[in-house]
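Okay, so here's the structure we're looking at.
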Amino acid sequence: MLTPNKTKTIYICQACGHHSLRWVGKCPDCGTWNSMTEERVTKRKRTFAKQKMTPTPLGEVDVQDEDRVKTGLKEFDRVVGGGVIKGSVVLVGGDPGIGKSTLLLQISEKIASGYDKVLYITGEESLKQIRLRSERLKIIPDKIEILTETNLDLILEVLRQDIPFMVVIDSIQTTYTQNLESTPGSISQIRECAHKLINFAKETGSSVFLVGHVTKDGSIAGPKVLEHMVDTVLYFEGEKNHIYRILRTVKNRFGSTNEIGIFQMQEYGLEEVENPSLLFLSERAKDISGSVVVCSLEGTRPLLLELQALVSPSTYGMPQRVSSGIDYKRLSLLLAILEKRADVSVGAFDVFVNVAGGVKIEEPAVDLGTMVAIASSFKDIPADNRSVLLGEVGLGGEVRAVNQIERRIKEAEKLGFKNCIIPQGNLKALNQRFNIKISGVKSIKETFDLILI
Ligand code: TYD
Ligand code: MG
């Protein structure tokens with residue numbers, strides 16, 4: 001039951017959704033500066049009918065896996081935990097132009113041809129633009145219906161008339177509800193629209209995909225609000241001038257997080273990459289100093305990557321440190337360790353580090369590889385090109401154990417490498433036999449003696 005509406009003006013932080021009755025320069029909740037904007041919100045009091053509720057014994061809860069909808073795109077299905085759950089809400093975030101609409105149109109086609117009707121609702125493009133894209137993707141959109149609308153109340157009316165199997169909202173930032181006076185894209189609009197769509201998904205069992213644009217600082221506008229509400233959050237990332245795109249799970253109520261799917265953006269749409277290690281190593285120049293192969297674990301998936309370093313005398317007073325794909329602070333730390341513990345004095349040199357293919361690595365298991373690449377370029381001695389390096393490096397120059405070592409070794413073995421250099425601490429824990437030589441190292445210096453000769 002609804003009581004008369006009351007409209008008032010409040011200030012809402014656009015980063016975290018914190019409410020304040022007065023304007024403040026810094027959000028007291030998340031600490032962001034200048035993020036409070038004025039919004040007019042209509043408050044409605046709700047009264048709930050009293051219902052009798054009975055708890056269910058946990059043992060009697062029915063768990064069946066059959067509610068997963070498989071798209072047939074293996075890379076995508078794995079990222080969402082083996083298929084999309086019916087009635088779940090998935091947020092797909094990413095920079096503008098990275099390929100979100102392309103990905104969702106391809107998924108729509110798979111689901112429409114394998115299951116049932118998909119309704120693609122866009123507030124960003126015209127019908128013609130979508131038709132042109134579908135022609136480019138060679139999709140015959142029989143069972144995909146398109147609606148260009150941004151008014152959520154009208155959208156929900158259409159949805160309820162003939163409930164589709166799957167709904168795509170491109171994008172959540174362009175939709176608005178008449179209940180609120182604030183502009184589309186503001187945090188209260190995003191939250192309200194998402195809330196209504198989540199209710200729709202839960203009530204009807206239709207799966208809803210929301211496209212969310214990412215703000216400059218890398219978070220989805222209204223990030224905390226949206227991420228907490230939906231079931232699954234996926235980020236679509238990549239460098240615009242590389243063809244690789246990575247779909248990453250940030251949150252998943254129905255599967256593991258940190259899972260990744262790798263695609264290539266071609267002229268005819270996104271193509272799955274089935275053996276990414278092979279692809280990332282395909283352009284590797286062997287016998288060049290400063291190049292090593294490392295193994296990074298993304299979710300459950302090991303990825304072999306080429307890591308390159310270039311160390312050259314600095315022509316300016318301030319030596320440069322440039323890293324792409326590796327955290328800049330981590331690089332500074334590794335350089336300090338090299339200087340102090342391994343007599344590699346790069347103080348007066350420019351250091352450039354790059355992960356080939358535009359991939360970002362966030363785990364410390366590539367420390368050892370990074371340091372060997374830098375030392376190799378500094379000494380101008382190529383590292384053995386049939387070796388894969390694994391290990392985290394501590395401040396004392398000691399090589400520390402990494403997790404899930406066997407998976408990583410297996411990947412190196414699969415791709416035909418001859419030698420795997422791993423932390424001594426991992427050696428004892430190996431249960432399997434491998435068809436690859438495994439050498440355990442304790443310190444960074446010992447590694448140099450082994451590989452830079
Ligand atoms: P798009 O899906 O529109 O990005 P988003 O929805 O994330 O903003 O993709 C846009 C880019 O992808 C654009 O620069 C063109 C490129 N592209 C291809 O290279 N091949 C294709 O088949 C398609 C459809 C797009
Ligand atoms: Mg788009």
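Residues in the structure tokens are numbered from 1 in each chain, the chains being A, B, ... in the order shown, and ligands are numbered from 1 in the order shown.
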Protein and nucleic acid residues within 12 Å of ligand 1 (only C-alpha atoms and all ligand atoms) as a PyMOL selection string: chain A and resi 92-106+122-125+129-139+169-171+210-214+235-245+247+263-271
Every residue of region 175-335 of chain A that DSSP places in alpha helix (DSSP H), as an NGL selection string = :A and (187-204 or 223-229 or 276-281 or 328-335)
Could you save the residues just selected, with N, CA, C and O atoms, as a short mmCIF file (atom, residue, chain, number, x, y, z; two decimals), in the first residue's frame?
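Generated file (part_31.cif):
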data_model
loop_
_atom_site.label_atom_id
_atom_site.label_comp_id
_atom_site.auth_asym_id
_atom_site.auth_seq_id
_atom_site.Cartn_x
_atom_site.Cartn_y
_atom_site.Cartn_z
N ILE A 187 22.90 8.47 -9.04
CA ILE A 187 22.96 7.26 -8.22
C ILE A 187 21.59 6.77 -7.78
O ILE A 187 21.32 5.57 -7.78
N SER A 188 20.67 7.70 -7.48
CA SER A 188 19.37 7.22 -7.00
C SER A 188 18.58 6.58 -8.14
O SER A 188 17.88 5.60 -7.93
N GLN A 189 18.74 7.14 -9.36
CA GLN A 189 18.06 6.53 -10.51
C GLN A 189 18.63 5.14 -10.78
O GLN A 189 17.89 4.19 -10.99
N ILE A 190 19.95 5.03 -10.79
CA ILE A 190 20.58 3.73 -11.07
C ILE A 190 20.10 2.70 -10.05
O ILE A 190 19.71 1.59 -10.40
N ARG A 191 20.10 3.12 -8.80
CA ARG A 191 19.72 2.17 -7.75
C ARG A 191 18.26 1.74 -7.88
O ARG A 191 17.94 0.57 -7.80
N GLU A 192 17.40 2.71 -8.11
CA GLU A 192 15.97 2.40 -8.21
C GLU A 192 15.68 1.50 -9.42
O GLU A 192 14.94 0.54 -9.33
N CYS A 193 16.31 1.85 -10.56
CA CYS A 193 16.08 1.06 -11.77
C CYS A 193 16.59 -0.36 -11.58
O CYS A 193 15.91 -1.34 -11.91
N ALA A 194 17.80 -0.47 -11.02
CA ALA A 194 18.37 -1.80 -10.80
C ALA A 194 17.47 -2.59 -9.87
O ALA A 194 17.20 -3.78 -10.10
N HIS A 195 16.98 -1.93 -8.84
CA HIS A 195 16.12 -2.59 -7.86
C HIS A 195 14.88 -3.17 -8.54
O HIS A 195 14.50 -4.32 -8.32
N LYS A 196 14.26 -2.35 -9.40
CA LYS A 196 13.04 -2.81 -10.08
C LYS A 196 13.34 -3.99 -11.00
O LYS A 196 12.56 -4.93 -11.10
N LEU A 197 14.48 -3.90 -11.69
CA LEU A 197 14.82 -4.98 -12.62
C LEU A 197 15.16 -6.27 -11.87
O LEU A 197 14.85 -7.37 -12.33
N ILE A 198 15.79 -6.12 -10.70
CA ILE A 198 16.11 -7.31 -9.91
C ILE A 198 14.81 -7.97 -9.44
O ILE A 198 14.65 -9.18 -9.53
N ASN A 199 13.87 -7.14 -9.00
CA ASN A 199 12.57 -7.70 -8.59
C ASN A 199 11.92 -8.44 -9.74
O ASN A 199 11.38 -9.53 -9.57
N PHE A 200 12.00 -7.83 -10.92
CA PHE A 200 11.40 -8.46 -12.10
C PHE A 200 12.04 -9.83 -12.36
O PHE A 200 11.36 -10.83 -12.57
N ALA A 201 13.38 -9.87 -12.29
CA ALA A 201 14.09 -11.13 -12.55
C ALA A 201 13.70 -12.19 -11.53
O ALA A 201 13.44 -13.35 -11.89
N LYS A 202 13.65 -11.81 -10.26
CA LYS A 202 13.35 -12.80 -9.22
C LYS A 202 11.91 -13.30 -9.32
O LYS A 202 11.62 -14.45 -9.09
N GLU A 203 11.01 -12.38 -9.69
CA GLU A 203 9.60 -12.78 -9.78
C GLU A 203 9.34 -13.70 -10.96
O GLU A 203 8.55 -14.63 -10.88
N THR A 204 9.99 -13.40 -12.09
CA THR A 204 9.61 -14.10 -13.32
C THR A 204 10.58 -15.20 -13.73
O THR A 204 10.25 -16.02 -14.58
N PRO A 223 29.28 2.40 -7.98
CA PRO A 223 29.80 1.04 -7.96
C PRO A 223 29.31 0.20 -6.79
O PRO A 223 28.77 -0.88 -6.99
N LYS A 224 29.45 0.75 -5.58
CA LYS A 224 29.13 -0.08 -4.42
C LYS A 224 27.65 -0.44 -4.44
O LYS A 224 27.28 -1.56 -4.16
N VAL A 225 26.84 0.54 -4.82
CA VAL A 225 25.41 0.32 -4.82
C VAL A 225 25.03 -0.81 -5.77
O VAL A 225 24.37 -1.76 -5.41
N LEU A 226 25.51 -0.71 -7.02
CA LEU A 226 25.15 -1.73 -8.01
C LEU A 226 25.77 -3.08 -7.69
O LEU A 226 25.11 -4.10 -7.79
N GLU A 227 27.04 -3.08 -7.32
CA GLU A 227 27.72 -4.36 -7.09
C GLU A 227 27.07 -5.15 -5.97
O GLU A 227 27.01 -6.36 -6.00
N HIS A 228 26.56 -4.44 -4.97
CA HIS A 228 25.93 -5.17 -3.86
C HIS A 228 24.57 -5.73 -4.23
O HIS A 228 24.14 -6.72 -3.67
N MET A 229 23.92 -5.08 -5.19
CA MET A 229 22.56 -5.49 -5.49
C MET A 229 22.47 -6.70 -6.42
O MET A 229 21.62 -7.55 -6.24
N PRO A 276 44.96 -19.60 -24.69
CA PRO A 276 45.54 -18.27 -24.60
C PRO A 276 47.05 -18.27 -24.42
O PRO A 276 47.73 -17.40 -24.96
N SER A 277 47.58 -19.27 -23.68
CA SER A 277 49.03 -19.28 -23.45
C SER A 277 49.77 -19.33 -24.78
O SER A 277 50.73 -18.60 -25.02
N LEU A 278 49.26 -20.19 -25.67
CA LEU A 278 49.91 -20.35 -26.98
C LEU A 278 49.86 -19.04 -27.76
O LEU A 278 50.84 -18.61 -28.37
N LEU A 279 48.72 -18.38 -27.67
CA LEU A 279 48.54 -17.13 -28.39
C LEU A 279 49.45 -16.03 -27.84
O LEU A 279 50.11 -15.31 -28.59
N PHE A 280 49.51 -15.93 -26.52
CA PHE A 280 50.31 -14.86 -25.93
C PHE A 280 51.80 -15.06 -26.15
O PHE A 280 52.58 -14.13 -26.11
N LEU A 281 52.19 -16.33 -26.38
CA LEU A 281 53.62 -16.57 -26.57
C LEU A 281 54.00 -16.62 -28.04
O LEU A 281 55.16 -16.75 -28.39
N TYR A 328 52.83 -0.53 -10.70
CA TYR A 328 54.00 0.35 -10.68
C TYR A 328 54.72 0.29 -9.33
O TYR A 328 55.95 0.25 -9.26
N LYS A 329 53.94 0.24 -8.26
CA LYS A 329 54.56 0.21 -6.92
C LYS A 329 55.30 -1.09 -6.70
O LYS A 329 56.36 -1.13 -6.08
N ARG A 330 54.74 -2.17 -7.21
CA ARG A 330 55.40 -3.47 -7.08
C ARG A 330 56.74 -3.42 -7.82
O ARG A 330 57.74 -3.93 -7.36
N LEU A 331 56.72 -2.78 -9.00
CA LEU A 331 57.96 -2.67 -9.79
C LEU A 331 59.02 -1.90 -9.00
O LEU A 331 60.18 -2.32 -8.92
N SER A 332 58.63 -0.79 -8.38
CA SER A 332 59.59 -0.01 -7.60
C SER A 332 60.20 -0.85 -6.48
O SER A 332 61.40 -0.81 -6.22
N LEU A 333 59.34 -1.63 -5.85
CA LEU A 333 59.80 -2.50 -4.76
C LEU A 333 60.79 -3.54 -5.26
O LEU A 333 61.86 -3.76 -4.68
N LEU A 334 60.47 -4.16 -6.39
CA LEU A 334 61.35 -5.19 -6.94
C LEU A 334 62.69 -4.58 -7.34
O LEU A 334 63.75 -5.21 -7.17
N LEU A 335 62.66 -3.35 -7.85
CA LEU A 335 63.91 -2.69 -8.23
C LEU A 335 64.78 -2.44 -7.00
O LEU A 335 66.00 -2.62 -7.03
#
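Note that CA of Gly397 (chain A) and CA of Met318 (chain A) are 25.7 Å apart.
Nearest-residue note for ligand 2: choosing from A:Val372, A:Ile444, A:Val168, A:Val344, the minimum distance belongs to A:Val168, counting only C-alpha atoms and all ligand atoms.
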Please provide as a ChimeraX atom specification all residues within 12 Å of Ile453 (chain A), with the sequence filter that same-chain residues fewer than 3 positions apart are discarded (counting only C-alpha atoms). /A:289,372,375-376,379-384,446-450
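Between Gly396 (chain A) and the residues A:Leu368, A:Ala342, A:Leu154, A:Val355, the shortest atom-to-atom distance, using only C-alpha atoms, involves A:Ala342.
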Ile163 (chain A): which residues within 10 Å, counting only C-alpha atoms, same-chain residues fewer than 6 positions away excluded, as a PyMOL selection string?
-> chain A and resi 117-119+156-157+200-201+204-206
Between A:Gly87, A:Gly31, A:Gln173, A:Gly369, smallest distance to ligand 2 by only C-alpha atoms and all ligand atoms belongs to A:Gln173
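The closest residue to Leu427 (chain A), picked from A:Ile246, A:Arg400, A:Thr177, A:Glu413 and counting only C-alpha atoms, is A:Arg400.
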**Report entry** Which of region 236-350 of chain A fall in strand (DSSP E), as a PyMOL selection string
**Finding:** chain A and resi 236-237+244-252+260-266+269-272+291-298+301-313+321-324+349-350
Selection export as a compact mmCIF listing (two decimals), in the first residue's frame, atoms kept: C-alpha atoms:
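Saved the output as result.txt:
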# COMPACT_ATOMS: atom_id res chain seq x y z
CA PHE A 236 35.17 -6.48 -19.64
CA GLU A 237 38.67 -5.12 -20.01
CA TYR A 244 42.50 -9.18 -26.74
CA ARG A 245 39.60 -8.66 -24.37
CA ILE A 246 39.34 -10.22 -20.94
CA LEU A 247 36.06 -10.85 -19.18
CA ARG A 248 36.67 -11.07 -15.45
CA THR A 249 34.37 -12.12 -12.61
CA VAL A 250 34.49 -9.65 -9.74
CA LYS A 251 31.57 -11.05 -7.81
CA ASN A 252 29.53 -14.17 -8.31
CA ILE A 260 38.54 -15.02 -16.69
CA GLY A 261 37.44 -15.53 -20.26
CA ILE A 262 39.63 -14.41 -23.14
CA PHE A 263 38.34 -13.13 -26.45
CA GLN A 264 39.75 -11.50 -29.56
CA MET A 265 37.91 -8.60 -31.15
CA GLN A 266 37.75 -9.33 -34.88
CA GLY A 269 32.81 -9.75 -33.54
CA LEU A 270 34.33 -11.44 -30.54
CA GLU A 271 36.03 -14.76 -30.97
CA GLU A 272 36.92 -17.09 -28.12
CA SER A 291 62.42 -11.55 -22.05
CA VAL A 292 61.13 -14.32 -19.77
CA VAL A 293 58.06 -16.51 -19.54
CA VAL A 294 56.00 -16.48 -16.35
CA CYS A 295 52.82 -18.26 -15.32
CA SER A 296 50.03 -16.25 -13.78
CA LEU A 297 46.96 -17.89 -12.36
CA GLU A 298 43.72 -16.15 -13.22
CA ARG A 301 43.20 -20.90 -15.12
CA PRO A 302 46.97 -20.81 -15.58
CA LEU A 303 48.21 -18.40 -18.24
CA LEU A 304 51.72 -18.38 -19.65
CA LEU A 305 52.79 -14.87 -20.50
CA GLU A 306 55.85 -13.21 -21.87
CA LEU A 307 57.28 -10.53 -19.63
CA GLN A 308 59.68 -8.06 -21.16
CA ALA A 309 62.04 -5.60 -19.57
CA LEU A 310 64.26 -2.97 -21.09
CA VAL A 311 66.96 -1.29 -19.04
CA SER A 312 68.87 1.52 -20.70
CA PRO A 313 71.07 4.36 -19.41
CA ARG A 321 60.25 3.67 -14.48
CA VAL A 322 57.44 2.66 -16.79
CA SER A 323 55.33 -0.44 -16.31
CA SER A 324 52.46 -1.77 -18.29
CA PHE A 349 68.94 3.56 -15.69
CA ASP A 350 65.51 3.85 -17.23
CA of Tyr176 (chain A) sits from CA of Asp162 (chain A) at a separation of 21.2 Å
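Atom pair CA of Gly317 (chain A) / CA of Lys445 (chain A) has a distance of 29.2 Å (rounded to one decimal).
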With distances taken over only C-alpha atoms and all ligand atoms, the candidate from A:Met371, A:Leu389, A:Ile288, A:Ile172 nearest ligand 2 is A:Ile172
